[in-house]
>>> print(open('data.txt').read())   # compact mmCIF, C-alpha atoms
# COMPACT_ATOMS: atom_id res chain seq x y z
CA MET A 519 -34.47 -92.12 -108.89
CA ILE A 520 -35.16 -94.52 -111.73
CA ILE A 521 -38.69 -93.12 -112.32
CA LYS A 522 -39.93 -89.62 -111.54
CA ALA A 523 -43.49 -88.55 -112.33
CA ASP A 524 -44.00 -84.82 -111.93
CA ASP A 525 -47.59 -83.52 -111.76
CA ILE A 526 -48.94 -85.82 -114.49
CA SER A 527 -52.43 -85.11 -115.85
CA LEU A 528 -54.07 -86.74 -118.85
CA CYS A 529 -57.27 -85.47 -120.47
CA TYR A 530 -59.44 -87.19 -123.07
CA ARG A 531 -61.78 -85.12 -125.23
CA MET A 532 -64.93 -87.13 -125.88
CA SER A 533 -67.38 -86.21 -128.63
CA PHE A 534 -71.04 -87.11 -128.16
CA ASP A 535 -72.13 -86.02 -131.64
CA ARG A 536 -73.40 -88.76 -133.94
CA VAL A 537 -71.52 -88.22 -137.19
CA SER A 538 -72.09 -90.61 -140.10
CA GLY A 539 -68.77 -90.09 -141.92
CA ILE A 540 -65.50 -88.21 -142.21
CA LYS A 541 -66.98 -85.62 -144.59
CA GLU A 542 -69.82 -84.77 -142.20
CA TYR A 543 -67.38 -84.67 -139.29
CA LEU A 544 -65.08 -82.19 -141.09
CA VAL A 545 -68.03 -79.98 -142.09
CA GLN A 546 -69.35 -79.87 -138.52
CA LEU A 547 -65.85 -79.36 -137.13
CA LEU A 548 -65.24 -76.36 -139.43
CA GLN A 549 -68.65 -74.96 -138.48
CA GLY A 550 -67.82 -75.34 -134.78
CA LYS A 551 -70.71 -77.73 -134.20
CA ILE A 552 -68.72 -80.62 -132.74
CA GLN A 553 -69.25 -80.65 -128.97
CA TYR A 554 -66.62 -82.16 -126.68
CA GLN A 555 -66.62 -83.11 -123.03
CA GLU A 556 -63.33 -83.35 -121.17
CA PHE A 557 -62.55 -86.42 -119.08
CA TRP A 558 -59.48 -86.28 -116.85
CA ALA A 559 -58.16 -89.85 -116.56
CA LEU A 560 -55.26 -88.61 -114.39
CA LYS A 561 -54.99 -85.39 -112.40
CA ASN A 562 -51.81 -84.02 -110.79
CA VAL A 563 -50.10 -87.35 -110.05
CA SER A 564 -46.53 -87.14 -108.69
CA PHE A 565 -44.25 -89.83 -107.28
CA GLU A 566 -40.71 -91.22 -107.38
CA VAL A 567 -39.55 -94.82 -107.63
CA LYS A 568 -36.13 -95.93 -106.43
CA LYS A 569 -34.01 -98.48 -108.30
CA GLY A 570 -34.94 -102.04 -107.31
CA GLU A 571 -38.21 -101.00 -105.68
CA VAL A 572 -41.49 -102.83 -106.24
CA PHE A 573 -44.04 -100.04 -106.55
CA GLY A 574 -47.71 -101.04 -106.35
CA ILE A 575 -50.73 -99.14 -107.63
CA VAL A 576 -54.22 -99.81 -106.23
CA GLY A 577 -57.66 -98.35 -106.86
CA ASN A 578 -61.12 -99.27 -108.02
CA ASN A 579 -61.98 -99.89 -111.69
CA GLY A 580 -61.64 -96.62 -113.61
CA ALA A 581 -59.25 -95.11 -111.06
CA GLY A 582 -56.57 -94.56 -113.73
CA LYS A 583 -54.16 -97.38 -112.84
CA SER A 584 -53.67 -98.82 -116.34
CA THR A 585 -53.60 -95.32 -117.84
CA LEU A 586 -50.76 -94.38 -115.49
CA LEU A 587 -48.80 -97.50 -116.46
CA LYS A 588 -49.21 -96.59 -120.15
CA VAL A 589 -47.94 -93.06 -119.48
CA ILE A 590 -44.86 -94.41 -117.67
CA SER A 591 -44.33 -96.91 -120.52
CA GLY A 592 -44.44 -94.12 -123.10
CA ILE A 593 -47.57 -95.54 -124.79
CA LEU A 594 -49.58 -92.45 -123.80
CA LYS A 595 -48.31 -88.87 -123.53
CA PRO A 596 -49.56 -86.83 -120.55
CA THR A 597 -51.56 -83.67 -121.29
CA THR A 598 -49.54 -81.81 -118.66
CA GLY A 599 -46.64 -82.74 -116.41
CA SER A 600 -43.62 -84.88 -117.18
CA VAL A 601 -42.17 -88.35 -116.67
CA SER A 602 -38.50 -89.26 -116.57
CA VAL A 603 -37.53 -92.93 -116.84
CA ASN A 604 -33.88 -93.98 -116.48
CA GLY A 605 -33.48 -97.47 -117.89
CA ASN A 606 -34.91 -99.93 -120.39
CA VAL A 607 -38.60 -100.70 -119.86
CA VAL A 608 -40.52 -103.90 -120.58
CA PRO A 609 -44.25 -103.12 -120.40
CA MET A 610 -46.26 -106.32 -119.79
CA LEU A 611 -49.51 -104.56 -120.68
CA GLU A 612 -50.80 -105.59 -124.09
CA LEU A 613 -48.87 -108.74 -124.91
CA GLY A 614 -48.85 -109.61 -128.59
CA SER A 615 -50.10 -106.20 -129.72
CA GLY A 616 -47.10 -105.91 -132.06
CA PHE A 617 -47.63 -109.30 -133.74
CA ASP A 618 -48.48 -109.81 -137.42
CA PHE A 619 -50.83 -112.79 -137.67
CA GLU A 620 -49.85 -113.47 -141.30
CA LEU A 621 -46.24 -114.12 -140.23
CA THR A 622 -44.89 -117.24 -138.52
CA GLY A 623 -43.97 -117.46 -134.87
CA ARG A 624 -40.29 -117.34 -135.84
CA GLU A 625 -40.79 -114.13 -137.85
CA ASN A 626 -42.85 -112.57 -135.07
CA ILE A 627 -40.08 -113.16 -132.53
CA PHE A 628 -37.88 -110.81 -134.55
CA LEU A 629 -40.72 -108.37 -135.30
CA ASN A 630 -41.99 -108.11 -131.72
CA GLY A 631 -38.47 -108.17 -130.32
CA ALA A 632 -37.54 -105.20 -132.52
CA ILE A 633 -40.63 -103.32 -131.30
CA LEU A 634 -39.48 -103.97 -127.71
CA GLY A 635 -36.06 -102.56 -128.62
CA TYR A 636 -34.01 -105.78 -128.84
CA SER A 637 -31.33 -106.01 -131.54
CA GLU A 638 -31.42 -108.71 -134.23
CA SER A 639 -28.14 -110.18 -132.96
CA PHE A 640 -29.54 -110.38 -129.41
CA LEU A 641 -32.73 -112.09 -130.66
CA LYS A 642 -30.69 -114.60 -132.71
CA GLU A 643 -28.64 -115.36 -129.59
CA LYS A 644 -31.79 -115.82 -127.46
CA TYR A 645 -33.95 -117.47 -130.16
CA ASP A 646 -33.65 -121.07 -128.92
CA GLU A 647 -34.31 -119.94 -125.34
CA ILE A 648 -37.47 -118.06 -126.40
CA VAL A 649 -38.81 -121.04 -128.36
CA ALA A 650 -38.02 -123.48 -125.55
CA PHE A 651 -39.77 -121.31 -122.95
CA SER A 652 -42.84 -120.85 -125.18
CA GLU A 653 -43.17 -124.64 -125.63
CA LEU A 654 -44.38 -124.09 -129.20
CA GLY A 655 -42.05 -126.63 -130.79
CA GLN A 656 -42.77 -127.19 -134.49
CA PHE A 657 -45.57 -124.57 -134.40
CA ILE A 658 -42.90 -121.87 -134.37
CA ASP A 659 -42.87 -122.04 -138.21
CA VAL A 660 -46.68 -121.85 -138.51
CA PRO A 661 -48.43 -118.48 -139.18
CA LEU A 662 -49.97 -116.95 -136.06
CA ARG A 663 -53.45 -116.96 -137.65
CA ASN A 664 -53.44 -120.71 -136.92
CA TYR A 665 -52.46 -120.26 -133.24
CA SER A 666 -54.86 -120.45 -130.33
CA SER A 667 -55.02 -117.32 -128.15
CA GLY A 668 -53.05 -119.20 -125.47
CA MET A 669 -50.25 -119.98 -127.93
CA VAL A 670 -50.03 -116.32 -128.96
CA MET A 671 -49.80 -115.22 -125.31
CA ARG A 672 -47.13 -117.81 -124.56
CA LEU A 673 -44.99 -116.57 -127.44
CA ALA A 674 -45.51 -112.92 -126.47
CA PHE A 675 -44.62 -113.60 -122.83
CA SER A 676 -41.49 -115.53 -123.86
CA VAL A 677 -40.24 -112.66 -126.05
CA ALA A 678 -41.06 -109.95 -123.47
CA THR A 679 -39.29 -111.66 -120.57
CA VAL A 680 -36.14 -112.87 -122.35
CA VAL A 681 -34.14 -110.01 -120.78
CA ASN A 682 -33.73 -108.78 -117.24
CA PRO A 683 -35.09 -105.24 -117.78
CA ASP A 684 -34.23 -102.25 -115.62
CA ILE A 685 -37.97 -101.58 -115.25
CA LEU A 686 -40.81 -104.09 -115.54
CA ILE A 687 -44.37 -102.74 -115.80
CA VAL A 688 -47.07 -105.27 -114.99
CA ASP A 689 -50.87 -104.98 -115.09
CA GLU A 690 -51.91 -108.04 -113.04
CA ILE A 691 -49.88 -111.25 -112.75
CA LEU A 692 -50.60 -112.78 -116.11
CA ALA A 693 -52.64 -115.93 -116.63
CA VAL A 694 -50.87 -117.21 -119.74
CA GLY A 695 -51.72 -120.59 -121.30
CA ASP A 696 -52.51 -123.74 -119.32
CA ALA A 697 -51.92 -124.34 -115.61
CA SER A 698 -48.34 -125.59 -115.97
CA PHE A 699 -47.33 -122.65 -118.17
CA GLN A 700 -49.08 -120.22 -115.79
CA ALA A 701 -46.94 -121.58 -112.95
CA LYS A 702 -43.80 -121.22 -115.07
CA SER A 703 -44.69 -117.67 -116.16
CA LYS A 704 -45.46 -116.61 -112.58
CA ALA A 705 -42.11 -118.07 -111.45
CA ARG A 706 -40.37 -116.06 -114.19
CA MET A 707 -42.18 -112.90 -113.06
CA MET A 708 -41.16 -113.50 -109.44
CA GLU A 709 -37.56 -114.12 -110.57
CA LEU A 710 -37.53 -110.73 -112.32
CA MET A 711 -39.14 -109.02 -109.32
CA SER A 712 -36.57 -110.41 -106.90
CA GLY A 713 -33.53 -109.91 -109.16
CA GLY A 714 -33.02 -106.17 -108.78
CA THR A 715 -35.49 -105.16 -111.49
CA THR A 716 -37.60 -102.12 -110.61
CA VAL A 717 -41.28 -103.10 -110.87
CA LEU A 718 -44.46 -101.08 -111.28
CA PHE A 719 -47.27 -103.45 -110.40
CA VAL A 720 -51.06 -103.16 -110.61
CA SER A 721 -53.24 -105.89 -109.11
CA HIS A 722 -56.79 -106.25 -107.85
CA SER A 723 -55.38 -108.73 -105.33
CA ILE A 724 -54.44 -106.74 -102.23
CA GLY A 725 -52.80 -109.91 -100.91
CA GLN A 726 -50.36 -109.83 -103.86
CA ILE A 727 -49.74 -106.10 -103.34
CA ARG A 728 -48.98 -106.66 -99.64
CA GLU A 729 -46.70 -109.60 -100.42
CA MET A 730 -44.70 -108.08 -103.26
CA CYS A 731 -44.64 -104.28 -102.92
CA ASP A 732 -42.44 -101.87 -100.95
CA THR A 733 -44.42 -98.69 -101.69
CA VAL A 734 -48.04 -98.30 -102.83
CA LEU A 735 -49.88 -95.49 -104.60
CA TRP A 736 -53.67 -95.39 -104.15
CA LEU A 737 -55.50 -93.77 -107.06
CA ASP A 738 -59.13 -92.64 -106.90
CA HIS A 739 -60.83 -91.17 -109.99
CA GLY A 740 -57.43 -90.35 -111.47
CA GLN A 741 -56.15 -88.53 -108.39
CA MET A 742 -53.72 -89.51 -105.64
CA LYS A 743 -55.58 -90.60 -102.54
CA MET A 744 -52.54 -91.84 -100.61
CA ILE A 745 -48.93 -92.93 -101.12
CA GLY A 746 -46.62 -94.63 -98.66
CA GLU A 747 -45.44 -97.90 -97.13
CA ALA A 748 -47.31 -100.86 -98.63
CA GLN A 749 -48.92 -102.29 -95.51
CA GLU A 750 -50.17 -98.92 -94.29
CA VAL A 751 -51.72 -97.91 -97.63
CA CYS A 752 -53.31 -101.35 -98.06
CA ASP A 753 -54.78 -101.15 -94.54
CA TYR A 754 -56.43 -97.80 -95.33
CA TYR A 755 -57.57 -98.99 -98.76
CA GLU A 756 -59.14 -102.19 -97.43
CA GLY A 757 -60.61 -100.33 -94.45
CA LEU A 758 -62.42 -97.92 -96.75
CA ARG A 759 -63.62 -100.70 -99.02
CA HIS A 760 -65.04 -102.69 -96.10
CA GLU A 761 -66.89 -99.80 -94.47
>>> encode(input="data.txt", output="structure tokens")
Amino acid sequence: MIIKADDISLCYRMSFDRVSGIKEYLVQLLQGKIQYQEFWALKNVSFEVKKGEVFGIVGNNGAGKSTLLKVISGILKPTTGSVSVNGNVVPMLELGSGFDFELTGRENIFLNGAILGYSESFLKEKYDEIVAFSELGQFIDVPLRNYSSGMVMRLAFSVATVVNPDILIVDEILAVGDASFQAKSKARMMELMSGGTTVLFVSHSIGQIREMCDTVLWLDHGQMKMIGEAQEVCDYYEGLRHE
């Protein structure tokens, strides 16, 4: 198995006390006056994903889908349970989160690429390909603070998808840039999905889940409602939603 999630639970401790500063917070904490409420974003989630499988995750807003993807990506650590991931992971979750807006596009390719685990030699080898795909041209030597949000996303997408990862983690098919770039980015995503890459895929479009996924996990309030063959799980999910 390329991914194995074993009884994952994740708990947030939320404070409802209104504290005006760090000093007051520390005083109240030491006095035991800070009150917390536990919120379990995930509860006892277990599944396995085979190499090359497209594994879909469905559920209403707040079901824990994005939280689960972040746990698998290593962004969040589960409170209990364990995750084993065998292969390099490209999480397409928060594109551009590792960018420095005071640096140029060129500098950010190497910064963000390093964050994603790519070597400097690999990034130098792929540099022209990244710039060409991003369609940024001469703007590659302009600081990111002067970019539009669409330009930032195009650069981030181009860096993230320059490799064929073992595991691709996707929260919705991304709408990046203008219509022509969206079509190109979707084609690149489909190329990765059909090229032997293992994919964890969240989408609010059940049509996309049916079309792309082999197996589907249905989450409800952080807990597993159902897991199985994609068409069967989607039938039950849509049946419940339409009742």
>>> closest_atom_pairs(input="data.txt", of="segment 537-652 of chain A", to="segment 523-527 of chain A", cutoff="12 Å", atoms="all atoms listed in the file", output="tab-separated table")
residue	atom	partner	partner_atom	distance
A:Phe557	CA	A:Ser527	CA	10.7
A:Trp558	CA	A:Ser527	CA	7.2
A:Ala559	CA	A:Ser527	CA	7.5
A:Leu560	CA	A:Ser527	CA	4.7
A:Lys561	CA	A:Ser527	CA	4.3
A:Asn562	CA	A:Asp525	CA	4.4
A:Val563	CA	A:Ile526	CA	4.8
A:Ser564	CA	A:Asp524	CA	4.7
A:Phe565	CA	A:Ala523	CA	5.3
A:Glu566	CA	A:Ala523	CA	6.3
A:Val567	CA	A:Ala523	CA	8.8
A:Lys568	CA	A:Ala523	CA	12.0
A:Gly582	CA	A:Ser527	CA	10.5
A:Thr585	CA	A:Ser527	CA	10.5
A:Leu586	CA	A:Ile526	CA	8.8
A:Leu587	CA	A:Ala523	CA	11.2
A:Val589	CA	A:Ile526	CA	8.8
A:Ile590	CA	A:Ala523	CA	8.0
A:Ser591	CA	A:Ala523	CA	11.7
A:Leu594	CA	A:Ser527	CA	11.2
A:Lys595	CA	A:Ser527	CA	9.5
A:Pro596	CA	A:Ser527	CA	5.8
A:Thr597	CA	A:Ser527	CA	5.7
A:Thr598	CA	A:Ser527	CA	5.2
A:Gly599	CA	A:Ile526	CA	4.3
A:Ser600	CA	A:Asp524	CA	5.3
A:Val601	CA	A:Ala523	CA	4.5
A:Ser602	CA	A:Ala523	CA	6.6
A:Val603	CA	A:Ala523	CA	8.7
A:Asn604	CA	A:Ala523	CA	11.8
>>> write_last_selection(input="data.txt", atoms="C-alpha atoms", output="CSV table (one decimal), keeping the file's coordinate frame")
chain,number,residue,atom,x,y,z
A,557,PHE,CA,-62.6,-86.4,-119.1
A,558,TRP,CA,-59.5,-86.3,-116.8
A,559,ALA,CA,-58.2,-89.8,-116.6
A,560,LEU,CA,-55.3,-88.6,-114.4
A,561,LYS,CA,-55.0,-85.4,-112.4
A,562,ASN,CA,-51.8,-84.0,-110.8
A,563,VAL,CA,-50.1,-87.4,-110.0
A,564,SER,CA,-46.5,-87.1,-108.7
A,565,PHE,CA,-44.2,-89.8,-107.3
A,566,GLU,CA,-40.7,-91.2,-107.4
A,567,VAL,CA,-39.6,-94.8,-107.6
A,568,LYS,CA,-36.1,-95.9,-106.4
A,582,GLY,CA,-56.6,-94.6,-113.7
A,585,THR,CA,-53.6,-95.3,-117.8
A,586,LEU,CA,-50.8,-94.4,-115.5
A,587,LEU,CA,-48.8,-97.5,-116.5
A,589,VAL,CA,-47.9,-93.1,-119.5
A,590,ILE,CA,-44.9,-94.4,-117.7
A,591,SER,CA,-44.3,-96.9,-120.5
A,594,LEU,CA,-49.6,-92.4,-123.8
A,595,LYS,CA,-48.3,-88.9,-123.5
A,596,PRO,CA,-49.6,-86.8,-120.6
A,597,THR,CA,-51.6,-83.7,-121.3
A,598,THR,CA,-49.5,-81.8,-118.7
A,599,GLY,CA,-46.6,-82.7,-116.4
A,600,SER,CA,-43.6,-84.9,-117.2
A,601,VAL,CA,-42.2,-88.4,-116.7
A,602,SER,CA,-38.5,-89.3,-116.6
A,603,VAL,CA,-37.5,-92.9,-116.8
A,604,ASN,CA,-33.9,-94.0,-116.5
>>> atom_distance(input="data.txt", atom1="atom CA of Tyr530 of chain A", atom2="atom CA of Asn606 of chain A")
27.8 Å
>>> closest_residue(input="data.txt", among="A:Ser652, A:Asn682, A:Ser721, A:Gln741", to="Phe699 of chain A", atoms="all atoms listed in the file")
A:Ser652
>>> closest_residue(input="data.txt", among="A:Thr716, A:Gln726, A:Gln656, A:Ser637", to="Pro609 of chain A", atoms="all atoms listed in the file")
A:Thr716
>>> closest_residue(input="data.txt", among="A:Ile593, A:Ala650, A:Asp659, A:Met671", to="Phe617 of chain A", atoms="all atoms listed in the file")
A:Met671
>>> residues_around(input="data.txt", residues="Lys644 of chain A", least_positions_apart="2", cutoff="12 Å", atoms="all atoms listed in the file", output="list in words")
Ile627, Phe628, Gly631, Tyr636, Ser637, Glu638, Ser639, Phe640, Leu641, Lys642, Asp646, Glu647, Ile648, Val649, Ala650, Phe651, Ser676, Val677, Ala678, Thr679, Val680 and Val681 of chain A
>>> write_last_selection(input="data.txt", atoms="C-alpha atoms", output="mmCIF file, in the frame of the given file")
data_model
loop_
_atom_site.group_PDB
_atom_site.id
_atom_site.type_symbol
_atom_site.label_atom_id
_atom_site.label_comp_id
_atom_site.auth_asym_id
_atom_site.auth_seq_id
_atom_site.Cartn_x
_atom_site.Cartn_y
_atom_site.Cartn_z
ATOM 1 C CA ILE A 627 -40.080 -113.160 -132.530
ATOM 2 C CA PHE A 628 -37.880 -110.810 -134.550
ATOM 3 C CA GLY A 631 -38.470 -108.170 -130.320
ATOM 4 C CA TYR A 636 -34.010 -105.780 -128.840
ATOM 5 C CA SER A 637 -31.330 -106.010 -131.540
ATOM 6 C CA GLU A 638 -31.420 -108.710 -134.230
ATOM 7 C CA SER A 639 -28.140 -110.180 -132.960
ATOM 8 C CA PHE A 640 -29.540 -110.380 -129.410
ATOM 9 C CA LEU A 641 -32.730 -112.090 -130.660
ATOM 10 C CA LYS A 642 -30.690 -114.600 -132.710
ATOM 11 C CA ASP A 646 -33.650 -121.070 -128.920
ATOM 12 C CA GLU A 647 -34.310 -119.940 -125.340
ATOM 13 C CA ILE A 648 -37.470 -118.060 -126.400
ATOM 14 C CA VAL A 649 -38.810 -121.040 -128.360
ATOM 15 C CA ALA A 650 -38.020 -123.480 -125.550
ATOM 16 C CA PHE A 651 -39.770 -121.310 -122.950
ATOM 17 C CA SER A 676 -41.490 -115.530 -123.860
ATOM 18 C CA VAL A 677 -40.240 -112.660 -126.050
ATOM 19 C CA ALA A 678 -41.060 -109.950 -123.470
ATOM 20 C CA THR A 679 -39.290 -111.660 -120.570
ATOM 21 C CA VAL A 680 -36.140 -112.870 -122.350
ATOM 22 C CA VAL A 681 -34.140 -110.010 -120.780
#
>>> atom_distance(input="data.txt", atom1="atom CA of Leu662 of chain A", atom2="atom CA of Glu612 of chain A")
16.5 Å
>>> atom_distance(input="data.txt", atom1="atom CA of Glu653 of chain A", atom2="atom CA of Val572 of chain A")
29.2 Å
>>> residues_around(input="data.txt", residues="Asp753 of chain A", least_positions_apart="5", cutoff="10 Å", atoms="only C-alpha atoms", output="ChimeraX atom specification")
/A:724,728,748,758-759
>>> closest_residue(input="data.txt", among="A:Thr715, A:Cys752, A:Met730, A:Ser615", to="Ile685 of chain A", atoms="all atoms listed in the file")
A:Thr715
>>> axis_aligned_box(input="data.txt", around="segment 593-600 of chain A", padding_each_side="5 Å", output="lines of an AutoDock Vina configuration file")
center_x = -47.6
center_y = -88.7
center_z = -120.6
size_x = 17.9
size_y = 23.7
size_z = 18.4
>>> closest_residue(input="data.txt", among="A:Ile727, A:Val734, A:Ile575, A:Val670", to="Asp618 of chain A", atoms="all atoms listed in the file")
A:Val670
>>> closest_residue(input="data.txt", among="A:Met519, A:Ile658, A:Leu611, A:Met744", to="Phe675 of chain A", atoms="only C-alpha atoms")
A:Leu611
>>> build_atoms(input="data.txt", residues="segment 555-579 of chain A", atoms="N, CA and C atoms", output="mmCIF file, in the frame of the given file")
data_model
loop_
_atom_site.group_PDB
_atom_site.id
_atom_site.type_symbol
_atom_site.label_atom_id
_atom_site.label_comp_id
_atom_site.auth_asym_id
_atom_site.auth_seq_id
_atom_site.Cartn_x
_atom_site.Cartn_y
_atom_site.Cartn_z
ATOM 1 N N GLN A 555 -66.640 -83.148 -124.493
ATOM 2 C CA GLN A 555 -66.620 -83.110 -123.030
ATOM 3 C C GLN A 555 -65.259 -83.625 -122.581
ATOM 4 N N GLU A 556 -64.637 -82.934 -121.658
ATOM 5 C CA GLU A 556 -63.330 -83.350 -121.170
ATOM 6 C C GLU A 556 -63.474 -84.384 -120.071
ATOM 7 N N PHE A 557 -62.623 -85.408 -120.136
ATOM 8 C CA PHE A 557 -62.550 -86.420 -119.080
ATOM 9 C C PHE A 557 -61.102 -86.537 -118.640
ATOM 10 N N TRP A 558 -60.842 -86.226 -117.371
ATOM 11 C CA TRP A 558 -59.480 -86.280 -116.850
ATOM 12 C C TRP A 558 -59.232 -87.667 -116.263
ATOM 13 N N ALA A 559 -58.476 -88.492 -117.008
ATOM 14 C CA ALA A 559 -58.160 -89.850 -116.560
ATOM 15 C C ALA A 559 -57.130 -89.829 -115.432
ATOM 16 N N LEU A 560 -56.243 -88.828 -115.449
ATOM 17 C CA LEU A 560 -55.260 -88.610 -114.390
ATOM 18 C C LEU A 560 -55.212 -87.130 -114.072
ATOM 19 N N LYS A 561 -55.004 -86.800 -112.803
ATOM 20 C CA LYS A 561 -54.990 -85.390 -112.400
ATOM 21 C C LYS A 561 -53.921 -85.172 -111.333
ATOM 22 N N ASN A 562 -52.854 -84.461 -111.726
ATOM 23 C CA ASN A 562 -51.810 -84.020 -110.790
ATOM 24 C C ASN A 562 -51.197 -85.167 -109.985
ATOM 25 N N VAL A 563 -50.714 -86.180 -110.693
ATOM 26 C CA VAL A 563 -50.100 -87.350 -110.050
ATOM 27 C C VAL A 563 -48.580 -87.185 -110.034
ATOM 28 N N SER A 564 -47.989 -87.265 -108.845
ATOM 29 C CA SER A 564 -46.530 -87.140 -108.690
ATOM 30 C C SER A 564 -46.013 -88.232 -107.770
ATOM 31 N N PHE A 565 -44.900 -88.845 -108.161
ATOM 32 C CA PHE A 565 -44.250 -89.830 -107.280
ATOM 33 C C PHE A 565 -42.859 -90.130 -107.819
ATOM 34 N N GLU A 566 -42.038 -90.776 -106.988
ATOM 35 C CA GLU A 566 -40.710 -91.220 -107.380
ATOM 36 C C GLU A 566 -40.549 -92.684 -107.028
ATOM 37 N N VAL A 567 -39.817 -93.409 -107.867
ATOM 38 C CA VAL A 567 -39.550 -94.820 -107.630
ATOM 39 C C VAL A 567 -38.041 -95.033 -107.612
ATOM 40 N N LYS A 568 -37.563 -95.662 -106.554
ATOM 41 C CA LYS A 568 -36.130 -95.930 -106.430
ATOM 42 C C LYS A 568 -35.757 -97.199 -107.189
ATOM 43 N N LYS A 569 -34.520 -97.299 -107.596
ATOM 44 C CA LYS A 569 -34.010 -98.480 -108.300
ATOM 45 C C LYS A 569 -34.194 -99.725 -107.437
ATOM 46 N N GLY A 570 -34.735 -100.785 -108.014
ATOM 47 C CA GLY A 570 -34.940 -102.040 -107.310
ATOM 48 C C GLY A 570 -36.204 -102.113 -106.486
ATOM 49 N N GLU A 571 -36.973 -101.038 -106.467
ATOM 50 C CA GLU A 571 -38.210 -101.000 -105.680
ATOM 51 C C GLU A 571 -39.351 -101.680 -106.428
ATOM 52 N N VAL A 572 -40.241 -102.320 -105.671
ATOM 53 C CA VAL A 572 -41.490 -102.830 -106.240
ATOM 54 C C VAL A 572 -42.594 -101.871 -105.812
ATOM 55 N N PHE A 573 -43.112 -101.150 -106.784
ATOM 56 C CA PHE A 573 -44.040 -100.040 -106.550
ATOM 57 C C PHE A 573 -45.439 -100.467 -106.988
ATOM 58 N N GLY A 574 -46.354 -100.583 -106.047
ATOM 59 C CA GLY A 574 -47.710 -101.040 -106.350
ATOM 60 C C GLY A 574 -48.663 -99.875 -106.563
ATOM 61 N N ILE A 575 -49.686 -100.129 -107.377
ATOM 62 C CA ILE A 575 -50.730 -99.140 -107.630
ATOM 63 C C ILE A 575 -52.080 -99.814 -107.419
ATOM 64 N N VAL A 576 -52.900 -99.248 -106.524
ATOM 65 C CA VAL A 576 -54.220 -99.810 -106.230
ATOM 66 C C VAL A 576 -55.296 -98.760 -106.507
ATOM 67 N N GLY A 577 -56.522 -99.238 -106.606
ATOM 68 C CA GLY A 577 -57.660 -98.350 -106.860
ATOM 69 C C GLY A 577 -58.768 -99.140 -107.509
ATOM 70 N N ASN A 578 -59.975 -98.614 -107.414
ATOM 71 C CA ASN A 578 -61.120 -99.270 -108.020
ATOM 72 C C ASN A 578 -61.029 -99.217 -109.544
ATOM 73 N N ASN A 579 -61.901 -99.960 -110.229
ATOM 74 C CA ASN A 579 -61.980 -99.890 -111.690
ATOM 75 C C ASN A 579 -62.230 -98.452 -112.122
#
